[in-house]
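Listing of final27.cif, mmCIF, N, CA and C atoms
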data_run
loop_
_atom_site.label_atom_id
_atom_site.label_comp_id
_atom_site.auth_asym_id
_atom_site.auth_seq_id
_atom_site.Cartn_x
_atom_site.Cartn_y
_atom_site.Cartn_z
N MET A 1 80.41 -143.84 132.41
CA MET A 1 80.23 -144.68 133.57
C MET A 1 81.54 -145.40 133.87
N ALA A 2 81.97 -145.41 135.12
CA ALA A 2 83.24 -146.04 135.52
C ALA A 2 83.14 -147.55 135.47
N ALA A 3 84.25 -148.18 135.09
CA ALA A 3 84.30 -149.63 135.06
C ALA A 3 84.28 -150.17 136.49
N ARG A 4 83.69 -151.31 136.66
CA ARG A 4 83.67 -151.97 137.97
C ARG A 4 85.09 -152.39 138.31
N ASN A 5 85.50 -152.20 139.54
CA ASN A 5 86.83 -152.61 139.96
C ASN A 5 86.95 -154.12 139.96
N LYS A 6 88.12 -154.59 139.53
CA LYS A 6 88.39 -156.02 139.50
C LYS A 6 89.76 -156.25 140.10
N LEU A 7 89.87 -157.30 140.89
CA LEU A 7 91.12 -157.69 141.52
C LEU A 7 91.53 -159.06 140.98
N VAL A 8 92.70 -159.11 140.37
CA VAL A 8 93.25 -160.37 139.89
C VAL A 8 94.44 -160.71 140.78
N ILE A 9 94.36 -161.87 141.41
CA ILE A 9 95.42 -162.31 142.32
C ILE A 9 96.03 -163.59 141.77
N LYS A 10 97.35 -163.57 141.63
CA LYS A 10 98.07 -164.79 141.24
C LYS A 10 98.80 -165.28 142.48
N VAL A 11 98.51 -166.51 142.88
CA VAL A 11 99.19 -167.09 144.04
C VAL A 11 100.12 -168.19 143.55
N THR A 12 101.39 -168.04 143.88
CA THR A 12 102.42 -168.99 143.44
C THR A 12 102.84 -169.92 144.58
N ALA A 13 102.42 -169.58 145.79
CA ALA A 13 102.83 -170.34 146.97
C ALA A 13 101.75 -171.30 147.41
N GLY A 14 102.19 -172.42 147.94
CA GLY A 14 101.27 -173.40 148.51
C GLY A 14 101.73 -173.74 149.92
N ALA A 15 101.73 -175.01 150.24
CA ALA A 15 102.18 -175.46 151.56
C ALA A 15 103.66 -175.14 151.78
N ASP A 16 104.40 -174.86 150.71
CA ASP A 16 105.82 -174.53 150.82
C ASP A 16 106.04 -173.15 151.44
N ALA A 17 105.06 -172.27 151.36
CA ALA A 17 105.12 -170.92 151.94
C ALA A 17 103.72 -170.60 152.47
N PRO A 18 103.32 -171.23 153.58
CA PRO A 18 101.93 -171.19 154.03
C PRO A 18 101.39 -169.79 154.34
N GLU A 19 102.20 -168.91 154.90
CA GLU A 19 101.68 -167.59 155.22
C GLU A 19 101.37 -166.79 153.96
N ARG A 20 102.25 -166.85 152.99
CA ARG A 20 102.02 -166.14 151.72
C ARG A 20 100.79 -166.72 151.02
N CYS A 21 100.68 -168.03 151.03
CA CYS A 21 99.54 -168.71 150.41
C CYS A 21 98.23 -168.28 151.07
N SER A 22 98.21 -168.35 152.38
CA SER A 22 97.00 -168.00 153.13
C SER A 22 96.62 -166.55 152.90
N GLN A 23 97.60 -165.67 152.84
CA GLN A 23 97.34 -164.25 152.62
C GLN A 23 96.62 -164.03 151.28
N ALA A 24 97.09 -164.71 150.25
CA ALA A 24 96.47 -164.55 148.93
C ALA A 24 95.00 -164.99 148.95
N PHE A 25 94.73 -166.15 149.51
CA PHE A 25 93.35 -166.65 149.58
C PHE A 25 92.49 -165.76 150.47
N THR A 26 93.06 -165.26 151.57
CA THR A 26 92.31 -164.39 152.48
C THR A 26 91.93 -163.09 151.80
N VAL A 27 92.88 -162.46 151.13
CA VAL A 27 92.60 -161.20 150.44
C VAL A 27 91.55 -161.43 149.35
N ALA A 28 91.67 -162.51 148.61
CA ALA A 28 90.69 -162.80 147.56
C ALA A 28 89.29 -163.00 148.14
N ALA A 29 89.19 -163.75 149.23
CA ALA A 29 87.88 -164.02 149.84
C ALA A 29 87.27 -162.75 150.42
N VAL A 30 88.08 -161.93 151.08
CA VAL A 30 87.58 -160.68 151.65
C VAL A 30 87.11 -159.74 150.54
N ALA A 31 87.88 -159.65 149.48
CA ALA A 31 87.49 -158.80 148.35
C ALA A 31 86.18 -159.28 147.74
N ALA A 32 86.06 -160.59 147.53
CA ALA A 32 84.83 -161.14 146.95
C ALA A 32 83.64 -160.86 147.86
N ALA A 33 83.82 -161.02 149.17
CA ALA A 33 82.74 -160.77 150.12
C ALA A 33 82.37 -159.28 150.16
N SER A 34 83.30 -158.43 149.78
CA SER A 34 83.08 -156.98 149.76
C SER A 34 82.46 -156.49 148.45
N GLY A 35 82.21 -157.42 147.53
CA GLY A 35 81.58 -157.05 146.28
C GLY A 35 82.54 -156.73 145.15
N VAL A 36 83.84 -156.93 145.38
CA VAL A 36 84.83 -156.72 144.33
C VAL A 36 84.82 -157.93 143.40
N GLU A 37 84.93 -157.71 142.11
CA GLU A 37 85.05 -158.80 141.16
C GLU A 37 86.45 -159.39 141.33
N VAL A 38 86.52 -160.68 141.68
CA VAL A 38 87.80 -161.32 142.00
C VAL A 38 88.09 -162.47 141.05
N SER A 39 89.35 -162.53 140.63
CA SER A 39 89.84 -163.65 139.84
C SER A 39 91.13 -164.12 140.50
N LEU A 40 91.11 -165.32 141.07
CA LEU A 40 92.28 -165.89 141.73
C LEU A 40 92.90 -166.93 140.82
N TRP A 41 94.20 -166.77 140.55
CA TRP A 41 94.94 -167.71 139.69
C TRP A 41 95.84 -168.57 140.53
N LEU A 42 95.72 -169.88 140.39
CA LEU A 42 96.55 -170.84 141.09
C LEU A 42 97.70 -171.25 140.18
N THR A 43 98.93 -170.99 140.64
CA THR A 43 100.12 -171.36 139.88
C THR A 43 101.12 -171.99 140.83
N GLY A 44 102.12 -172.64 140.28
CA GLY A 44 103.15 -173.25 141.13
C GLY A 44 102.53 -174.21 142.13
N GLU A 45 103.03 -174.14 143.36
CA GLU A 45 102.59 -175.08 144.40
C GLU A 45 101.14 -174.89 144.83
N SER A 46 100.57 -173.72 144.58
CA SER A 46 99.15 -173.52 144.93
C SER A 46 98.23 -174.31 144.00
N SER A 47 98.77 -174.80 142.89
CA SER A 47 97.97 -175.56 141.92
C SER A 47 97.26 -176.74 142.58
N TRP A 48 97.89 -177.33 143.56
CA TRP A 48 97.31 -178.51 144.22
C TRP A 48 95.98 -178.21 144.88
N PHE A 49 95.72 -176.94 145.23
CA PHE A 49 94.47 -176.60 145.90
C PHE A 49 93.28 -176.57 144.95
N ALA A 50 93.52 -176.81 143.67
CA ALA A 50 92.41 -176.95 142.72
C ALA A 50 91.78 -178.34 142.82
N LEU A 51 92.45 -179.25 143.51
CA LEU A 51 91.96 -180.63 143.64
C LEU A 51 91.08 -180.78 144.87
N PRO A 52 90.01 -181.56 144.77
CA PRO A 52 89.15 -181.81 145.92
C PRO A 52 89.94 -182.39 147.09
N GLY A 53 89.69 -181.86 148.28
CA GLY A 53 90.30 -182.38 149.50
C GLY A 53 91.66 -181.81 149.84
N ARG A 54 92.35 -181.23 148.87
CA ARG A 54 93.72 -180.76 149.14
C ARG A 54 93.74 -179.54 150.06
N ALA A 55 92.77 -178.65 149.92
CA ALA A 55 92.74 -177.46 150.78
C ALA A 55 92.51 -177.84 152.24
N ALA A 56 91.77 -178.91 152.48
CA ALA A 56 91.49 -179.35 153.85
C ALA A 56 92.76 -179.84 154.55
N GLU A 57 93.77 -180.22 153.77
CA GLU A 57 95.04 -180.68 154.34
C GLU A 57 95.92 -179.51 154.78
N PHE A 58 95.60 -178.31 154.33
CA PHE A 58 96.40 -177.12 154.63
C PHE A 58 96.03 -176.60 156.00
N ASP A 59 97.04 -176.38 156.85
CA ASP A 59 96.77 -175.90 158.20
C ASP A 59 97.77 -174.81 158.54
N LEU A 60 97.25 -173.67 158.95
CA LEU A 60 98.08 -172.56 159.38
C LEU A 60 97.41 -171.94 160.60
N PRO A 61 98.09 -171.97 161.76
CA PRO A 61 97.49 -171.40 162.97
C PRO A 61 97.05 -169.95 162.76
N HIS A 62 95.91 -169.63 163.33
CA HIS A 62 95.34 -168.28 163.32
C HIS A 62 94.92 -167.82 161.93
N ALA A 63 94.75 -168.74 161.01
CA ALA A 63 94.30 -168.41 159.66
C ALA A 63 92.95 -169.08 159.40
N ALA A 64 92.15 -168.45 158.57
CA ALA A 64 90.87 -169.05 158.19
C ALA A 64 91.13 -170.34 157.42
N PRO A 65 90.26 -171.34 157.59
CA PRO A 65 90.44 -172.60 156.85
C PRO A 65 90.37 -172.36 155.34
N LEU A 66 91.33 -172.93 154.63
CA LEU A 66 91.41 -172.74 153.18
C LEU A 66 90.13 -173.18 152.45
N PRO A 67 89.49 -174.30 152.83
CA PRO A 67 88.25 -174.66 152.13
C PRO A 67 87.17 -173.57 152.24
N ASP A 68 87.09 -172.91 153.40
CA ASP A 68 86.11 -171.84 153.58
C ASP A 68 86.44 -170.65 152.69
N LEU A 69 87.73 -170.32 152.60
CA LEU A 69 88.15 -169.21 151.74
C LEU A 69 87.85 -169.51 150.28
N ILE A 70 88.12 -170.74 149.86
CA ILE A 70 87.83 -171.14 148.48
C ILE A 70 86.34 -171.02 148.19
N ASP A 71 85.51 -171.50 149.11
CA ASP A 71 84.06 -171.38 148.93
C ASP A 71 83.64 -169.93 148.79
N GLY A 72 84.22 -169.05 149.60
CA GLY A 72 83.90 -167.63 149.52
C GLY A 72 84.33 -167.00 148.21
N ILE A 73 85.49 -167.40 147.73
CA ILE A 73 85.97 -166.87 146.45
C ILE A 73 85.07 -167.34 145.32
N LEU A 74 84.74 -168.62 145.31
CA LEU A 74 83.90 -169.16 144.24
C LEU A 74 82.47 -168.59 144.28
N ALA A 75 82.01 -168.21 145.47
CA ALA A 75 80.67 -167.65 145.60
C ALA A 75 80.58 -166.27 144.95
N GLY A 76 81.69 -165.54 144.95
CA GLY A 76 81.63 -164.19 144.41
C GLY A 76 82.68 -163.89 143.36
N GLY A 77 83.39 -164.91 142.91
CA GLY A 77 84.47 -164.68 141.95
C GLY A 77 84.81 -165.92 141.17
N ARG A 78 86.03 -165.96 140.70
CA ARG A 78 86.46 -167.06 139.85
C ARG A 78 87.84 -167.55 140.30
N ILE A 79 88.05 -168.86 140.18
CA ILE A 79 89.36 -169.45 140.44
C ILE A 79 89.81 -170.14 139.17
N THR A 80 91.05 -169.87 138.78
CA THR A 80 91.62 -170.44 137.56
C THR A 80 92.93 -171.14 137.90
N LEU A 81 93.11 -172.31 137.37
CA LEU A 81 94.35 -173.06 137.49
C LEU A 81 95.14 -172.87 136.20
N CYS A 82 96.39 -172.49 136.34
CA CYS A 82 97.29 -172.29 135.20
C CYS A 82 97.41 -173.57 134.36
N THR A 83 97.28 -173.43 133.07
CA THR A 83 97.36 -174.56 132.15
C THR A 83 98.67 -175.33 132.27
N GLN A 84 99.79 -174.63 132.21
CA GLN A 84 101.09 -175.30 132.30
C GLN A 84 101.31 -175.95 133.66
N CYS A 85 100.89 -175.26 134.72
CA CYS A 85 101.03 -175.80 136.07
C CYS A 85 100.21 -177.08 136.22
N ALA A 86 99.01 -177.08 135.66
CA ALA A 86 98.15 -178.26 135.70
C ALA A 86 98.80 -179.41 134.94
N ALA A 87 99.31 -179.12 133.75
CA ALA A 87 99.93 -180.16 132.92
C ALA A 87 101.14 -180.78 133.62
N ARG A 88 101.96 -179.93 134.25
CA ARG A 88 103.14 -180.46 134.95
C ARG A 88 102.78 -181.37 136.10
N ARG A 89 101.59 -181.18 136.65
CA ARG A 89 101.13 -181.99 137.78
C ARG A 89 100.12 -183.05 137.35
N GLU A 90 99.93 -183.17 136.05
CA GLU A 90 98.99 -184.14 135.46
C GLU A 90 97.58 -183.97 136.01
N ILE A 91 97.16 -182.70 136.13
CA ILE A 91 95.82 -182.35 136.58
C ILE A 91 95.00 -181.97 135.35
N GLY A 92 93.85 -182.61 135.19
CA GLY A 92 92.97 -182.32 134.06
C GLY A 92 91.68 -181.68 134.51
N GLU A 93 90.89 -181.25 133.53
CA GLU A 93 89.59 -180.60 133.80
C GLU A 93 88.69 -181.46 134.70
N LYS A 94 88.75 -182.78 134.52
CA LYS A 94 87.89 -183.68 135.30
C LYS A 94 88.33 -183.78 136.76
N ASP A 95 89.57 -183.37 137.04
CA ASP A 95 90.14 -183.54 138.37
C ASP A 95 89.84 -182.41 139.34
N VAL A 96 89.55 -181.23 138.82
CA VAL A 96 89.49 -180.03 139.66
C VAL A 96 88.13 -179.86 140.35
N LEU A 97 88.15 -179.03 141.39
CA LEU A 97 86.92 -178.68 142.10
C LEU A 97 85.90 -178.08 141.14
N GLU A 98 84.65 -178.28 141.43
CA GLU A 98 83.59 -177.67 140.62
C GLU A 98 83.75 -176.15 140.70
N GLY A 99 83.70 -175.50 139.56
CA GLY A 99 83.82 -174.06 139.50
C GLY A 99 85.22 -173.57 139.19
N VAL A 100 86.21 -174.46 139.22
CA VAL A 100 87.59 -174.07 138.88
C VAL A 100 87.82 -174.35 137.40
N ARG A 101 88.37 -173.38 136.70
CA ARG A 101 88.68 -173.58 135.29
C ARG A 101 90.20 -173.68 135.12
N ILE A 102 90.59 -174.22 134.00
CA ILE A 102 92.01 -174.27 133.63
C ILE A 102 92.18 -173.36 132.43
N ALA A 103 93.12 -172.40 132.53
CA ALA A 103 93.37 -171.46 131.44
C ALA A 103 94.82 -171.02 131.49
N GLY A 104 95.27 -170.44 130.38
CA GLY A 104 96.67 -170.10 130.24
C GLY A 104 96.99 -168.61 130.31
N ALA A 105 98.24 -168.33 129.97
CA ALA A 105 98.78 -166.98 130.07
C ALA A 105 98.01 -165.96 129.25
N GLN A 106 97.50 -166.36 128.10
CA GLN A 106 96.75 -165.42 127.26
C GLN A 106 95.52 -164.89 128.00
N VAL A 107 94.83 -165.78 128.70
CA VAL A 107 93.64 -165.37 129.47
C VAL A 107 94.06 -164.49 130.65
N PHE A 108 95.16 -164.85 131.32
CA PHE A 108 95.66 -164.05 132.43
C PHE A 108 95.99 -162.63 131.97
N VAL A 109 96.73 -162.52 130.89
CA VAL A 109 97.11 -161.20 130.36
C VAL A 109 95.85 -160.41 129.99
N SER A 110 94.90 -161.06 129.37
CA SER A 110 93.65 -160.40 129.00
C SER A 110 92.94 -159.84 130.24
N GLU A 111 92.94 -160.61 131.32
CA GLU A 111 92.28 -160.15 132.55
C GLU A 111 93.01 -158.97 133.17
N ILE A 112 94.31 -159.03 133.26
CA ILE A 112 95.03 -157.97 133.98
C ILE A 112 95.15 -156.67 133.19
N MET A 113 94.90 -156.73 131.89
CA MET A 113 95.02 -155.53 131.08
C MET A 113 93.71 -154.75 130.95
N GLY A 114 92.67 -155.25 131.58
CA GLY A 114 91.38 -154.57 131.50
C GLY A 114 91.35 -153.28 132.30
N GLU A 115 90.43 -152.41 131.94
CA GLU A 115 90.26 -151.15 132.64
C GLU A 115 89.75 -151.41 134.06
N GLY A 116 90.30 -150.70 135.02
CA GLY A 116 89.84 -150.84 136.41
C GLY A 116 90.34 -152.09 137.10
N VAL A 117 91.39 -152.71 136.57
CA VAL A 117 91.90 -153.95 137.15
C VAL A 117 93.15 -153.70 137.98
N GLN A 118 93.20 -154.30 139.14
CA GLN A 118 94.40 -154.28 139.99
C GLN A 118 94.90 -155.72 140.07
N ALA A 119 96.16 -155.93 139.73
CA ALA A 119 96.74 -157.27 139.80
C ALA A 119 97.75 -157.34 140.93
N VAL A 120 97.71 -158.46 141.67
CA VAL A 120 98.60 -158.68 142.81
C VAL A 120 99.15 -160.10 142.69
N VAL A 121 100.44 -160.27 142.96
CA VAL A 121 101.05 -161.59 142.94
C VAL A 121 101.58 -161.93 144.33
N TYR A 122 101.22 -163.10 144.82
CA TYR A 122 101.73 -163.61 146.10
C TYR A 122 102.62 -164.80 145.83
#

Would you kindly transcribe this structure into structure tokens?
Amino acid sequence: MAARNKLVIKVTAGADAPERCSQAFTVAAVAAASGVEVSLWLTGESSWFALPGRAAEFDLPHAAPLPDLIDGILAGGRITLCTQCAARREIGEKDVLEGVRIAGAQVFVSEIMGEGVQAVVY
């Protein structure tokens, strides 16, 4: 029996590169809505979107609202905030949106090395 396809997306961009950031969240949300197992990793400047209210501050013309994309991803997938990125920004487990976990490189490597996994970095 074939393994279920999984898409792991690492987004390194935030408000500093809004089109790249939006593309990562859009692809993750569309994949999740299509039934693909999705794991979105927030690293670098995208780390801030793990905090309540921060996604609502993001605005990009002609793009879906980031809070809606996050809701779609969480409904059918997982969002993870990088451990080191969280620590550098003094973000703890109690600070993040419900459903967002904090995990490190070991977990990321474990996810991307699985059978049937496609990894993409934005």

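Compared by their closest atoms to Val121 (chain A), and using only C-alpha atoms, the residues A:Leu81, A:Leu42, A:Ala31, A:Ala105 rank with A:Leu42 nearest.
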
Picked from region 7-118 of chain A by DSSP as strand (DSSP E or B), as a list of chain:residue names
A:Leu7, A:Val8, A:Ile9, A:Lys10, A:Val11, A:Glu37, A:Val38, A:Ser39, A:Leu40, A:Trp41, A:Leu42, A:Gly77, A:Arg78, A:Ile79, A:Thr80, A:Leu81, A:Cys82, A:Val100, A:Arg101, A:Ile102, A:Ala103, A:Val117, A:Gln118

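In this structure, CA of Val30 (chain A) sits 23.6 Å away from CA of Ala103 (chain A).
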
Rank A:Cys85, A:Ala56, A:Val107, A:Val120 by their smallest atom-to-atom distance to Thr43 (chain A), using only N, CA and C atoms, and report the top residue only.
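Looking at the shortest contact to Thr43 (chain A), the residue is A:Cys85.
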
What's the 6.5 Å shell around Arg20 (chain A), counting only N, CA and C atoms, without same-chain residues fewer than 5 positions away, as JSON, numbers by chain?
{"A": [13, 25, 122]}

DSSP-assigned helix (DSSP H, G or I) members of chain A, reported as a ChimeraX atom specification:
/A:18-33,44-50,55-57,66-76,83-88,105-112

Of the candidates A:Ile9, A:Ala86, A:Ala64, A:Ala17, which shows the shortest atom-to-atom distance to Ile112 (chain A), using only C-alpha atoms?
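Looking at the shortest contact to Ile112 (chain A), the residue is A:Ile9.
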
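Atom pair CA of Ser22 (chain A) / CA of Phe108 (chain A) has a distance of 21.1 Å (rounded to one decimal).
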
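Taking atom N of Arg54 (chain A) as the reference point, atom N of Leu66 (chain A) is found at 10.2 Å.
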
Residues picked by the PyMOL selection byres (((chain A and resi 53 and name CA) around 12) and name CA) here, as a PyMOL selection string?
chain A and resi 48-52+54-58+66-67+70+95-97

Between A:Asp68, A:Gly116, A:Arg89, A:Trp41, which has the minimum distance to Gly104 (chain A) (counting only C-alpha atoms)?
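Closest to Gly104 (chain A) of all the choices is A:Trp41.
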
List the residues matched by the PyMOL selection byres (((chain A and resi 118 and name CA) around 7) and name CA) in the displayed structure as a list in words, ordered by chain and then by residue number.
Lys6, Leu7, Val8, Gly116, Val117, Ala119 and Val120 of chain A

Step by step, work through what the PyMOL selection byres ((chain A and resi 29) around 8) selects in the shown file, and finish by giving those residues as a PyMOL selection string.
chain A and resi 23-28+30-35+38+68-74

Please save N, CA and C atoms of the selected residues as a PDB file, keeping the file's coordinate frame.
ATOM      1  N   GLN A  23      97.600-165.670 152.840  1.00  0.00           N
ATOM      2  CA  GLN A  23      97.340-164.250 152.620  1.00  0.00           C
ATOM      3  C   GLN A  23      96.620-164.030 151.280  1.00  0.00           C
ATOM      4  N   ALA A  24      97.090-164.710 150.250  1.00  0.00           N
ATOM      5  CA  ALA A  24      96.470-164.550 148.930  1.00  0.00           C
ATOM      6  C   ALA A  24      95.000-164.990 148.950  1.00  0.00           C
ATOM      7  N   PHE A  25      94.730-166.150 149.510  1.00  0.00           N
ATOM      8  CA  PHE A  25      93.350-166.650 149.580  1.00  0.00           C
ATOM      9  C   PHE A  25      92.490-165.760 150.470  1.00  0.00           C
ATOM     10  N   THR A  26      93.060-165.260 151.570  1.00  0.00           N
ATOM     11  CA  THR A  26      92.310-164.390 152.480  1.00  0.00           C
ATOM     12  C   THR A  26      91.930-163.090 151.800  1.00  0.00           C
ATOM     13  N   VAL A  27      92.880-162.460 151.130  1.00  0.00           N
ATOM     14  CA  VAL A  27      92.600-161.200 150.440  1.00  0.00           C
ATOM     15  C   VAL A  27      91.550-161.430 149.350  1.00  0.00           C
ATOM     16  N   ALA A  28      91.670-162.510 148.610  1.00  0.00           N
ATOM     17  CA  ALA A  28      90.690-162.800 147.560  1.00  0.00           C
ATOM     18  C   ALA A  28      89.290-163.000 148.140  1.00  0.00           C
ATOM     19  N   VAL A  30      88.080-161.930 151.080  1.00  0.00           N
ATOM     20  CA  VAL A  30      87.580-160.680 151.650  1.00  0.00           C
ATOM     21  C   VAL A  30      87.110-159.740 150.540  1.00  0.00           C
ATOM     22  N   ALA A  31      87.880-159.650 149.480  1.00  0.00           N
ATOM     23  CA  ALA A  31      87.490-158.800 148.350  1.00  0.00           C
ATOM     24  C   ALA A  31      86.180-159.280 147.740  1.00  0.00           C
ATOM     25  N   ALA A  32      86.060-160.590 147.530  1.00  0.00           N
ATOM     26  CA  ALA A  32      84.830-161.140 146.950  1.00  0.00           C
ATOM     27  C   ALA A  32      83.640-160.860 147.860  1.00  0.00           C
ATOM     28  N   ALA A  33      83.820-161.020 149.170  1.00  0.00           N
ATOM     29  CA  ALA A  33      82.740-160.770 150.120  1.00  0.00           C
ATOM     30  C   ALA A  33      82.370-159.280 150.160  1.00  0.00           C
ATOM     31  N   SER A  34      83.300-158.430 149.780  1.00  0.00           N
ATOM     32  CA  SER A  34      83.080-156.980 149.760  1.00  0.00           C
ATOM     33  C   SER A  34      82.460-156.490 148.450  1.00  0.00           C
ATOM     34  N   GLY A  35      82.210-157.420 147.530  1.00  0.00           N
ATOM     35  CA  GLY A  35      81.580-157.050 146.280  1.00  0.00           C
ATOM     36  C   GLY A  35      82.540-156.730 145.150  1.00  0.00           C
ATOM     37  N   VAL A  38      86.520-160.680 141.680  1.00  0.00           N
ATOM     38  CA  VAL A  38      87.800-161.320 142.000  1.00  0.00           C
ATOM     39  C   VAL A  38      88.090-162.470 141.050  1.00  0.00           C
ATOM     40  N   ASP A  68      87.090-172.910 153.400  1.00  0.00           N
ATOM     41  CA  ASP A  68      86.110-171.840 153.580  1.00  0.00           C
ATOM     42  C   ASP A  68      86.440-170.650 152.690  1.00  0.00           C
ATOM     43  N   LEU A  69      87.730-170.320 152.600  1.00  0.00           N
ATOM     44  CA  LEU A  69      88.150-169.210 151.740  1.00  0.00           C
ATOM     45  C   LEU A  69      87.850-169.510 150.280  1.00  0.00           C
ATOM     46  N   ILE A  70      88.120-170.740 149.860  1.00  0.00           N
ATOM     47  CA  ILE A  70      87.830-171.140 148.480  1.00  0.00           C
ATOM     48  C   ILE A  70      86.340-171.020 148.190  1.00  0.00           C
ATOM     49  N   ASP A  71      85.510-171.500 149.110  1.00  0.00           N
ATOM     50  CA  ASP A  71      84.060-171.380 148.930  1.00  0.00           C
ATOM     51  C   ASP A  71      83.640-169.930 148.790  1.00  0.00           C
ATOM     52  N   GLY A  72      84.220-169.050 149.600  1.00  0.00           N
ATOM     53  CA  GLY A  72      83.900-167.630 149.520  1.00  0.00           C
ATOM     54  C   GLY A  72      84.330-167.000 148.210  1.00  0.00           C
ATOM     55  N   ILE A  73      85.490-167.400 147.730  1.00  0.00           N
ATOM     56  CA  ILE A  73      85.970-166.870 146.450  1.00  0.00           C
ATOM     57  C   ILE A  73      85.070-167.340 145.320  1.00  0.00           C
ATOM     58  N   LEU A  74      84.740-168.620 145.310  1.00  0.00           N
ATOM     59  CA  LEU A  74      83.900-169.160 144.240  1.00  0.00           C
ATOM     60  C   LEU A  74      82.470-168.590 144.280  1.00  0.00           C
TER      61      LEU A  74
END

May I ask which of the residues A:Glu37, A:Ser47, A:Ser110, A:Glu93 is the closest one to Gly76 (chain A), counting only N, CA and C atoms?
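Closest to Gly76 (chain A), using only N, CA and C atoms: A:Glu37.
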
To test the calculation: enclose all listed atoms of region 7-15 of chain A in a box whose edges run along x, y and z, add 6 Å on each side, then state centre and edge lengths in Å to one decimal, as AutoDock Vina command-line options.
--center_x 96.8 --center_y -166.4 --center_z 145.8 --size_x 25.8 --size_y 30.2 --size_z 23.9

In terms of the shortest atom-to-atom distance over only C-alpha atoms, which of A:Ala15, A:Ile102, A:Leu60, A:Val36 is closest to Thr83 (chain A)?
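Counting only C-alpha atoms, the residue closest to Thr83 (chain A) is A:Ile102.
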